[in-house]
>>> print(open('upload-v7.cif').read())   # mmCIF, C-alpha atoms and all ligand atoms
data_work
loop_
_atom_site.label_atom_id
_atom_site.label_comp_id
_atom_site.auth_asym_id
_atom_site.auth_seq_id
_atom_site.Cartn_x
_atom_site.Cartn_y
_atom_site.Cartn_z
CA ALA A 177 -15.20 -14.31 -49.49
CA SER A 178 -17.51 -16.71 -47.68
CA LEU A 179 -17.85 -16.34 -43.93
CA LYS A 180 -19.76 -19.62 -43.59
CA THR A 181 -18.86 -21.97 -40.77
CA THR A 182 -20.26 -24.65 -38.53
CA VAL A 183 -20.42 -24.71 -34.75
CA ALA A 184 -21.37 -28.02 -33.15
CA GLY A 185 -22.47 -29.20 -36.58
CA ILE A 186 -24.85 -26.25 -36.95
CA ALA A 187 -24.32 -24.42 -40.24
CA LEU A 188 -23.99 -20.64 -39.85
CA ASP A 189 -23.94 -18.25 -42.82
CA CYS A 190 -21.60 -15.94 -40.93
CA CYS A 191 -18.88 -16.82 -38.40
CA ILE A 192 -19.42 -13.55 -36.50
CA TYR A 193 -22.17 -13.44 -33.86
CA ASN A 194 -22.95 -11.97 -30.49
CA ALA A 195 -21.54 -12.86 -27.10
CA SER A 196 -23.94 -13.58 -24.27
CA GLY A 197 -24.38 -10.57 -21.98
CA PRO A 198 -24.38 -7.25 -23.84
CA ARG A 199 -27.78 -6.35 -25.39
CA THR A 200 -29.12 -9.90 -25.08
CA GLY A 201 -31.69 -9.68 -22.30
CA THR A 202 -34.91 -8.92 -24.17
CA VAL A 203 -36.69 -10.11 -27.29
CA ASN A 204 -36.23 -6.63 -28.82
CA ALA A 205 -32.49 -6.76 -28.39
CA LEU A 206 -32.29 -10.35 -29.67
CA VAL A 207 -34.36 -9.45 -32.75
CA LYS A 208 -31.97 -6.57 -33.55
CA ILE A 209 -29.11 -9.06 -33.54
CA GLY A 210 -31.14 -11.42 -35.71
CA GLU A 211 -31.86 -8.65 -38.21
CA SER A 212 -28.15 -7.90 -38.57
CA ARG A 213 -25.56 -10.03 -40.32
CA SER A 214 -24.85 -11.89 -37.06
CA GLY A 215 -24.48 -15.59 -37.85
CA ALA A 216 -26.58 -16.66 -34.85
CA VAL A 217 -28.45 -15.18 -31.92
CA LEU A 218 -27.29 -16.02 -28.38
CA SER A 219 -29.33 -15.09 -25.30
CA LYS A 220 -28.24 -13.52 -22.03
CA SER A 221 -27.30 -16.22 -19.52
CA ALA A 222 -30.49 -17.33 -17.83
CA THR A 223 -31.17 -18.29 -14.26
CA LEU A 224 -34.16 -20.38 -13.22
CA LEU A 225 -36.07 -17.32 -12.01
CA CYS A 226 -35.85 -13.77 -13.32
CA GLN A 227 -33.59 -11.46 -11.34
CA ASP A 228 -32.66 -7.78 -11.34
CA GLY A 229 -28.91 -8.22 -10.92
CA ASN A 230 -26.53 -6.01 -8.97
CA PRO A 231 -27.00 -2.31 -8.13
CA LEU A 232 -26.05 0.41 -10.66
CA PRO A 233 -23.63 1.58 -11.91
CA ARG A 234 -22.52 -1.93 -12.83
CA TYR A 235 -21.21 -1.61 -16.41
CA LYS A 236 -18.71 1.02 -17.60
CA GLU A 237 -16.51 1.48 -20.62
CA PHE A 238 -13.19 3.19 -20.51
CA PRO A 239 -10.76 4.00 -23.30
CA LEU A 240 -7.93 1.89 -24.58
CA GLY A 241 -6.58 3.19 -27.84
CA ASP A 242 -9.31 4.17 -30.26
CA ALA A 243 -10.48 0.87 -31.72
CA CYS A 244 -12.07 -1.11 -28.92
CA PRO A 245 -12.90 0.24 -25.49
CA GLY A 246 -12.23 -1.67 -22.32
CA SER A 247 -15.18 -2.59 -20.15
CA ILE A 248 -15.73 -3.64 -16.58
CA ASN A 249 -18.98 -5.14 -15.35
CA SER A 250 -20.57 -6.68 -12.36
CA GLU A 251 -24.04 -7.10 -13.75
CA GLY A 252 -24.87 -9.99 -11.46
CA LEU A 253 -26.88 -11.98 -13.99
CA PRO A 254 -29.81 -9.65 -14.59
CA ASN A 255 -32.17 -11.69 -16.76
CA GLN A 256 -35.81 -12.55 -17.37
CA GLY A 257 -35.55 -16.19 -16.24
CA ILE A 258 -35.26 -19.32 -18.37
CA ASP A 259 -38.95 -19.56 -19.27
CA TYR A 260 -38.72 -16.20 -21.07
CA TYR A 261 -35.72 -17.15 -23.21
CA ILE A 262 -37.29 -20.45 -24.26
CA SER A 263 -40.77 -18.99 -24.74
CA GLU A 264 -42.72 -19.30 -27.98
CA GLU A 265 -42.56 -15.50 -28.35
CA VAL A 266 -38.77 -15.30 -28.25
CA VAL A 267 -38.04 -18.54 -30.13
CA SER A 268 -40.42 -17.76 -32.99
CA ALA A 269 -39.27 -14.11 -33.28
CA ILE A 270 -35.71 -15.30 -33.89
CA GLY A 271 -36.80 -18.27 -36.00
CA SER A 272 -38.76 -15.95 -38.32
CA LEU A 273 -35.46 -14.17 -39.09
CA ALA A 274 -33.98 -17.51 -40.21
CA LYS A 275 -31.25 -17.36 -37.55
CA HIS A 276 -30.13 -20.17 -35.29
CA TYR A 277 -30.93 -19.44 -31.65
CA PHE A 278 -28.47 -20.40 -28.91
CA VAL A 279 -29.55 -20.20 -25.26
CA SER A 280 -27.04 -19.54 -22.47
CA LEU A 281 -27.62 -21.03 -19.00
CA SER A 282 -25.93 -19.89 -15.80
CA GLY A 283 -27.77 -21.49 -12.92
CA LEU A 284 -27.13 -20.48 -9.33
CA SER A 285 -26.90 -24.18 -8.42
CA LEU A 286 -26.43 -27.53 -10.13
CA ALA A 287 -30.10 -28.34 -9.52
CA ASP A 288 -31.09 -25.10 -11.27
CA ASN A 289 -28.82 -25.89 -14.22
CA LEU A 290 -30.34 -29.36 -14.58
CA GLU A 291 -33.88 -27.99 -14.38
CA MET A 292 -33.16 -25.30 -17.00
CA LEU A 293 -31.38 -27.82 -19.20
CA SER A 294 -34.35 -30.15 -19.18
CA ARG A 295 -36.73 -27.30 -20.03
CA ALA A 296 -34.55 -25.93 -22.84
CA MET A 297 -33.74 -29.34 -24.36
CA LYS A 298 -37.46 -29.88 -25.04
CA VAL A 299 -38.00 -26.68 -27.04
CA GLN A 300 -37.96 -26.87 -30.82
CA GLY A 301 -36.28 -23.91 -32.44
CA ILE A 302 -33.35 -23.77 -30.01
CA ALA A 303 -30.24 -24.89 -31.89
CA ALA A 304 -27.83 -25.40 -28.98
CA ILE A 305 -27.27 -24.69 -25.32
CA GLU A 306 -24.25 -22.80 -23.96
CA LEU A 307 -23.59 -23.64 -20.31
CA ASN A 308 -21.82 -20.71 -18.69
CA LEU A 309 -19.34 -21.99 -16.09
CA ALA A 310 -17.52 -18.68 -15.85
CA CYS A 311 -19.68 -15.93 -14.38
CA PRO A 312 -17.33 -14.01 -12.06
CA ASN A 313 -19.91 -11.68 -10.54
CA ILE A 314 -22.13 -13.53 -8.10
CA PRO A 315 -21.14 -12.35 -4.61
CA GLY A 316 -20.04 -15.31 -2.53
CA LYS A 317 -19.89 -17.77 -5.46
CA PRO A 318 -16.64 -18.92 -7.05
CA THR A 319 -16.08 -19.02 -10.80
CA MET A 320 -16.93 -22.66 -11.51
CA ALA A 321 -14.43 -23.01 -14.35
CA TYR A 322 -11.63 -22.34 -11.83
CA ASP A 323 -12.77 -25.12 -9.49
CA PHE A 324 -11.80 -28.16 -11.53
CA GLU A 325 -13.43 -30.72 -9.24
CA GLN A 326 -16.72 -28.85 -9.36
CA MET A 327 -16.46 -28.36 -13.13
CA ASP A 328 -15.92 -32.11 -13.56
CA ALA A 329 -18.89 -32.91 -11.31
CA VAL A 330 -21.19 -30.44 -13.11
CA LEU A 331 -20.29 -31.79 -16.55
CA GLN A 332 -20.77 -35.33 -15.30
CA ALA A 333 -24.21 -34.50 -13.89
CA VAL A 334 -25.33 -32.49 -16.92
CA THR A 335 -24.22 -35.00 -19.55
CA THR A 336 -25.76 -37.99 -17.78
CA HIS A 337 -29.05 -36.24 -16.98
CA PRO A 338 -32.07 -37.91 -18.67
CA SER A 339 -32.88 -34.68 -20.54
CA PHE A 340 -29.40 -34.46 -22.08
CA GLY A 341 -28.69 -35.29 -25.69
CA SER A 342 -31.34 -33.83 -27.96
CA LYS A 343 -29.34 -30.65 -28.64
CA PRO A 344 -25.62 -29.88 -28.75
CA LEU A 345 -24.09 -28.55 -25.55
CA GLY A 346 -21.32 -25.95 -25.42
CA VAL A 347 -19.41 -24.70 -22.40
CA LYS A 348 -18.43 -21.07 -21.78
CA LEU A 349 -15.05 -21.04 -20.09
CA ALA A 350 -13.20 -18.56 -17.94
CA PRO A 351 -9.81 -17.37 -19.16
CA TYR A 352 -6.87 -19.47 -17.98
CA PHE A 353 -3.34 -18.19 -17.57
CA ASP A 354 -1.17 -21.19 -16.78
CA VAL A 355 -0.30 -24.16 -18.99
CA PRO A 356 -1.20 -26.81 -16.38
CA HIS A 357 -4.60 -25.15 -16.03
CA PHE A 358 -5.23 -25.33 -19.79
CA GLN A 359 -4.24 -29.00 -19.68
CA ARG A 360 -6.37 -29.82 -16.65
CA ALA A 361 -9.43 -28.04 -18.06
CA ALA A 362 -9.02 -29.74 -21.44
CA SER A 363 -8.60 -33.18 -19.89
CA ILE A 364 -11.90 -32.72 -18.04
CA LEU A 365 -13.76 -31.34 -21.08
CA ASN A 366 -12.44 -34.17 -23.27
CA LYS A 367 -14.22 -36.77 -21.09
CA TYR A 368 -17.70 -35.46 -21.87
CA PRO A 369 -19.95 -35.37 -24.97
CA ILE A 370 -19.82 -31.60 -25.37
CA LYS A 371 -19.73 -30.14 -28.87
CA TYR A 372 -18.05 -26.78 -28.41
CA VAL A 373 -16.37 -24.43 -25.95
CA VAL A 374 -16.41 -20.64 -25.90
CA CYS A 375 -13.13 -18.93 -24.91
CA THR A 376 -13.39 -16.73 -22.95
CA ASN A 377 -15.61 -15.00 -20.46
CA THR A 378 -14.40 -11.72 -18.92
CA ILE A 379 -11.30 -11.68 -16.71
CA GLY A 380 -12.90 -11.81 -13.30
CA ASN A 381 -12.41 -9.43 -10.42
CA ALA A 382 -10.51 -6.65 -12.11
CA LEU A 383 -10.65 -3.21 -10.49
CA VAL A 384 -10.81 -0.01 -12.51
CA VAL A 385 -10.23 3.22 -10.61
CA ASP A 386 -11.63 6.65 -11.40
CA ALA A 387 -8.76 8.84 -10.15
CA GLU A 388 -10.69 12.09 -10.42
CA ASN A 389 -13.45 10.92 -8.13
CA GLU A 390 -11.14 8.64 -6.14
CA GLN A 391 -13.54 5.75 -6.39
CA ALA A 392 -14.03 2.51 -8.28
CA LEU A 393 -15.74 2.75 -11.67
CA ILE A 394 -18.62 0.43 -10.73
CA LYS A 395 -20.56 -0.03 -7.50
CA PRO A 396 -21.21 -3.77 -6.92
CA LYS A 397 -18.65 -5.97 -5.18
CA ALA A 398 -16.67 -2.90 -4.03
CA GLY A 399 -15.79 -2.21 -7.66
CA PHE A 400 -14.45 -5.65 -8.61
CA GLY A 401 -15.81 -6.86 -11.91
CA GLY A 402 -15.24 -8.74 -15.15
CA LEU A 403 -12.79 -7.08 -17.54
CA GLY A 404 -13.70 -7.13 -21.22
CA GLY A 405 -12.89 -5.34 -24.45
CA ALA A 406 -9.48 -4.58 -25.90
CA TYR A 407 -7.60 -5.57 -22.75
CA VAL A 408 -8.61 -9.21 -23.05
CA LYS A 409 -7.86 -9.92 -26.71
CA PRO A 410 -4.39 -11.44 -26.18
CA ILE A 411 -5.83 -13.66 -23.44
CA ALA A 412 -8.69 -14.75 -25.70
CA LEU A 413 -6.20 -15.53 -28.49
CA ALA A 414 -4.10 -17.62 -26.11
CA ASN A 415 -7.10 -19.53 -24.77
CA VAL A 416 -8.48 -20.23 -28.25
CA ARG A 417 -5.06 -21.44 -29.41
CA GLN A 418 -4.48 -23.65 -26.38
CA PHE A 419 -7.92 -25.27 -26.43
CA SER A 420 -7.84 -25.77 -30.21
CA GLN A 421 -4.73 -27.85 -29.70
CA LEU A 422 -5.73 -29.64 -26.48
CA LEU A 423 -9.37 -30.56 -27.08
CA ARG A 424 -10.78 -33.53 -29.01
CA GLU A 425 -11.10 -32.91 -32.76
CA ASP A 426 -14.90 -32.93 -32.54
CA ILE A 427 -15.07 -30.10 -29.97
CA ASP A 428 -15.26 -26.74 -31.75
CA VAL A 429 -13.71 -23.63 -30.24
CA VAL A 430 -15.59 -20.33 -30.45
CA GLY A 431 -13.51 -17.22 -29.70
CA VAL A 432 -14.59 -14.12 -27.81
CA GLY A 433 -12.65 -11.26 -26.25
CA GLY A 434 -11.78 -7.79 -27.50
CA VAL A 435 -13.10 -8.18 -31.02
CA ALA A 436 -13.87 -4.81 -32.59
CA SER A 437 -12.70 -5.26 -36.18
CA GLY A 438 -12.42 -7.77 -38.97
CA THR A 439 -8.72 -8.08 -38.21
CA ASP A 440 -9.47 -9.01 -34.58
CA ALA A 441 -11.82 -11.75 -35.80
CA PHE A 442 -9.21 -12.93 -38.33
CA GLU A 443 -6.65 -13.29 -35.54
CA LEU A 444 -8.96 -15.48 -33.43
CA ILE A 445 -9.70 -17.69 -36.46
CA LEU A 446 -5.96 -17.99 -37.18
CA CYS A 447 -5.65 -19.30 -33.61
CA GLY A 448 -8.32 -21.93 -34.32
CA ALA A 449 -11.73 -20.37 -33.69
CA LYS A 450 -14.61 -21.70 -35.83
CA ALA A 451 -16.67 -18.63 -34.98
CA VAL A 452 -16.12 -15.33 -33.19
CA GLN A 453 -18.43 -13.61 -30.73
CA VAL A 454 -18.57 -9.88 -30.00
CA GLY A 455 -19.37 -8.55 -26.51
CA THR A 456 -18.07 -5.14 -25.41
CA LYS A 457 -18.14 -3.71 -28.93
CA HIS A 458 -21.76 -4.82 -29.30
CA TRP A 459 -22.57 -2.84 -26.13
CA SER A 460 -20.91 0.31 -27.43
CA GLU A 461 -21.88 0.16 -31.10
CA GLY A 462 -25.12 -1.80 -31.24
CA ALA A 463 -26.04 -4.64 -33.59
CA SER A 464 -24.65 -2.86 -36.66
CA CYS A 465 -21.21 -3.98 -35.39
CA PHE A 466 -21.99 -7.45 -36.81
CA ASN A 467 -22.43 -5.99 -40.32
CA ARG A 468 -19.28 -3.89 -40.09
CA ILE A 469 -17.00 -6.56 -38.58
CA SER A 470 -18.24 -9.21 -41.04
CA GLU A 471 -17.63 -6.88 -43.99
CA GLU A 472 -14.15 -6.01 -42.70
CA LEU A 473 -13.29 -9.69 -42.30
CA SER A 474 -14.57 -10.45 -45.79
CA VAL A 475 -12.51 -7.61 -47.31
CA LEU A 476 -9.39 -8.72 -45.45
CA MET A 477 -9.84 -12.32 -46.60
CA THR A 478 -10.28 -11.23 -50.21
CA LYS A 479 -7.14 -9.08 -49.98
CA LYS A 480 -5.22 -12.09 -48.66
CA GLY A 481 -6.70 -14.42 -51.28
CA TYR A 482 -8.80 -16.53 -48.90
CA LYS A 483 -12.22 -17.69 -50.06
CA SER A 484 -13.26 -19.48 -46.86
CA ILE A 485 -12.26 -19.39 -43.20
CA GLU A 486 -11.13 -23.03 -43.30
CA GLU A 487 -8.25 -21.96 -45.59
CA PHE A 488 -6.53 -20.17 -42.68
CA ARG A 489 -8.28 -21.37 -39.54
CA GLY A 490 -5.80 -22.61 -36.92
CA LYS A 491 -2.86 -21.95 -39.26
CA LEU A 492 -1.03 -19.39 -37.14
CA LYS A 493 2.61 -19.68 -38.21
CA GLU A 494 5.04 -20.75 -35.52
CA ASN A 495 8.19 -20.38 -37.61
CA PHE A 496 9.90 -17.02 -37.97
O1 LIG A 501 -24.18 -11.01 -15.49
C1 LIG A 501 -22.95 -10.87 -15.24
O2 LIG A 501 -22.54 -10.19 -14.31
C2 LIG A 501 -21.93 -11.55 -16.05
C3 LIG A 501 -21.97 -12.87 -16.42
BR1 LIG A 501 -23.43 -13.98 -16.06
C4 LIG A 501 -20.87 -13.44 -17.10
O3 LIG A 501 -20.83 -14.63 -17.46
N1 LIG A 501 -19.80 -12.65 -17.36
C5 LIG A 501 -19.77 -11.36 -17.00
O4 LIG A 501 -18.77 -10.67 -17.27
N2 LIG A 501 -20.85 -10.81 -16.36
#
>>> encode(input="upload-v7.cif", output="structure tokens", more="lines below")
Ligand code: RRO
Amino acid sequence: ASLKTTVAGIALDCCIYNASGPRTGTVNALVKIGESRSGAVLSKSATLLCQDGNPLPRYKEFPLGDACPGSINSEGLPNQGIDYYISEEVVSAIGSLAKHYFVSLSGLSLADNLEMLSRAMKVQGIAAIELNLACPNIPGKPTMAYDFEQMDAVLQAVTTHPSFGSKPLGVKLAPYFDVPHFQRAASILNKYPIKYVVCTNTIGNALVVDAENEQALIKPKAGFGGLGGAYVKPIALANVRQFSQLLREDIDVVGVGGVASGTDAFELILCGAKAVQVGTKHWSEGASCFNRISEELSVLMTKKGYKSIEEFRGKLKENF
């Protein structure tokens, strides 16, 4: 079966690729993704300047069944700074592997986002930009995707900035849990010339407790952090389904959340996803997860008689 797809008009040989965050901070890590079957390479969310992030321990996995672990993180945007991710070294290393390179931006202010956007838009060899409006882990800062007025203002500023337009823009969203919130978010996104959304980031401000040691699992933010892995799959499925139905036809939906197998990816595509990212499972398994999950999806499709993902994408049955 063919796993080919397009995201924002960009043709990908494989609909499975990495989420921003896990194993995406350095050129070495990005090259490992590029050498795998991953359909694209997506960077760690960048800030204007490099930063160390929050104190350790700040990422932990914990069991949930045996397929996909759960994870909690409060990394606090550790990254090398935008100029690293758009550098000749990084861009050409990924380009030489014949993979499309997506750069994620998560500025600490609107001014920083606009400055990074204008730098990244100029660089040849970057296929698209993913604006992360959903980081839950910066002490004192709200999750922008939950502040609809601010989200509207940011998208307005970004899409009217003089540097905007030479590359497709995607938006990484936080998970929503209420129908009016899906509708409000979609009505804002539909006003702007964005090409795709990514559903979803981690569920912010979860707390995982280590009963034996009577303490939280991670140190930053008194233990509160973004929940990922198996726990979030049903929420990712719901968000992908809702946004597939509420957004303009020309806005693609990319799914992410709790994908550890070909079946998990199949489920997100059934809900409407044009591509599927892998986060927690990439942390725990390494870049070979892209080969395994792609192969599992291909085998499942063949078993079901599907030759391409468009044959079942979005076709979740609603009749029983
Ligand atoms: O670096 C992080 O703490 C982080 C980010 Br920017 C994000 O978007 N989502 C997340 O779970 N962690």
>>> residues_around(input="upload-v7.cif", residues="Asp440 of chain A", least_positions_apart="2", cutoff="12 Å", atoms="all atoms listed in the file", output="JSON, numbers by chain")
{"A": [192, 243, 244, 405, 406, 408, 409, 410, 412, 413, 431, 432, 433, 434, 435, 436, 437, 438, 442, 443, 444, 445, 446, 447, 449, 452, 453, 454, 457, 469, 470, 472, 473, 476]}
>>> atom_distance(input="upload-v7.cif", atom1="atom CA of Ala329 of chain A", atom2="atom CA of Tyr368 of chain A")
10.9 Å
>>> closest_residue(input="upload-v7.cif", among="A:Leu188, A:Leu331, A:Ala222, A:Val266", to="ligand LIG 501 (chain A)", atoms="all atoms listed in the file")
A:Ala222
>>> atom_distance(input="upload-v7.cif", atom1="atom CA of Leu273 of chain A", atom2="atom CA of Gly215 of chain A")
11.1 Å
>>> closest_residue(input="upload-v7.cif", among="A:Cys311, A:Ile186, A:Met297, A:Ala398", to="ligand LIG 501 (chain A)", atoms="only C-alpha atoms and all ligand atoms")
A:Cys311
>>> residues_near_ligand(input="upload-v7.cif", ligand="ligand LIG 501 (chain A)", cutoff="10 Å", atoms="all atoms listed in the file", output="ChimeraX atom specification")
/A:195-198,220-223,228-230,234-235,247-255,280-283,307-314,319,348-350,376-381,396,401-404,455-456
>>> closest_residue(input="upload-v7.cif", among="A:Ala392, A:Ala304, A:Val203, A:Val299", to="Tyr260 of chain A", atoms="all atoms listed in the file")
A:Val203
>>> residues_near_point(input="upload-v7.cif", point="(-39.1, -26.1, -28.2)", cutoff="9 Å", atoms="only C-alpha atoms", output="list in words")
Ile262, Ser263, Glu264, Val267, Arg295, Ala296, Met297, Lys298, Val299, Gln300, Gly301 and Ile302 of chain A
>>> atom_distance(input="upload-v7.cif", atom1="atom CA of Ala382 of chain A", atom2="atom CA of Asn415 of chain A")
18.4 Å
>>> axis_aligned_box(input="upload-v7.cif", around="segment 271-284 of chain A", padding_each_side="5 Å", output="lines of an AutoDock Vina configuration file")
center_x = -32.3
center_y = -17.8
center_z = -24.8
size_x = 22.8
size_y = 17.3
size_z = 40.9
>>> closest_residue(input="upload-v7.cif", among="A:Ala287, A:Lys275, A:Tyr352, A:Tyr372", to="Ile209 of chain A", atoms="all atoms listed in the file")
A:Lys275
>>> closest_residue(input="upload-v7.cif", among="A:Leu345, A:Lys479, A:Ser339, A:Phe496", to="Asp428 of chain A", atoms="only C-alpha atoms")
A:Leu345
>>> closest_residue(input="upload-v7.cif", among="A:Val374, A:Cys465, A:Ala362, A:Ala387", to="Gln421 of chain A", atoms="only C-alpha atoms")
A:Ala362
>>> residues_around(input="upload-v7.cif", residues="Glu486 of chain A", least_positions_apart="4", cutoff="12 Å", atoms="only C-alpha atoms", output="PyMOL selection string")
chain A and resi 177-182+191+442+445-451+477+482+490-491
>>> residues_around(input="upload-v7.cif", residues="Val334 of chain A", least_positions_apart="3", cutoff="9 Å", atoms="all atoms listed in the file", output="list of chain:residue names")
A:Leu286, A:Asn289, A:Leu290, A:Leu293, A:Ala329, A:Val330, A:Leu331, A:His337, A:Pro338, A:Ser339, A:Phe340
>>> residues_around(input="upload-v7.cif", residues="Leu224 of chain A", least_positions_apart="2", cutoff="6 Å", atoms="all atoms listed in the file", output="ChimeraX atom specification")
/A:257-258,288
>>> build_atoms(input="upload-v7.cif", residues="segment 338-349 of chain A", atoms="N, CA and C atoms", output="compact mmCIF listing (two decimals), keeping the file's coordinate frame")
# COMPACT_ATOMS: atom_id res chain seq x y z
N PRO A 338 -31.15 -37.32 -17.67
CA PRO A 338 -32.07 -37.91 -18.67
C PRO A 338 -32.45 -36.94 -19.80
N SER A 339 -32.46 -35.64 -19.52
CA SER A 339 -32.88 -34.68 -20.54
C SER A 339 -31.76 -34.39 -21.54
N PHE A 340 -30.54 -34.83 -21.25
CA PHE A 340 -29.40 -34.46 -22.08
C PHE A 340 -29.40 -35.22 -23.40
N GLY A 341 -28.99 -34.56 -24.47
CA GLY A 341 -28.69 -35.29 -25.69
C GLY A 341 -29.44 -34.85 -26.92
N SER A 342 -30.58 -34.18 -26.76
CA SER A 342 -31.34 -33.83 -27.96
C SER A 342 -30.80 -32.59 -28.67
N LYS A 343 -29.97 -31.82 -28.00
CA LYS A 343 -29.34 -30.65 -28.64
C LYS A 343 -27.87 -30.62 -28.25
N PRO A 344 -27.03 -30.01 -29.12
CA PRO A 344 -25.62 -29.88 -28.75
C PRO A 344 -25.42 -28.97 -27.53
N LEU A 345 -24.44 -29.35 -26.73
CA LEU A 345 -24.09 -28.55 -25.55
C LEU A 345 -22.71 -27.95 -25.74
N GLY A 346 -22.61 -26.64 -25.46
CA GLY A 346 -21.32 -25.95 -25.42
C GLY A 346 -21.05 -25.47 -24.02
N VAL A 347 -19.79 -25.17 -23.73
CA VAL A 347 -19.41 -24.70 -22.40
C VAL A 347 -18.66 -23.38 -22.53
N LYS A 348 -19.13 -22.37 -21.83
CA LYS A 348 -18.43 -21.07 -21.78
C LYS A 348 -17.41 -21.13 -20.67
N LEU A 349 -16.16 -20.89 -21.03
CA LEU A 349 -15.05 -21.04 -20.09
C LEU A 349 -14.56 -19.69 -19.60
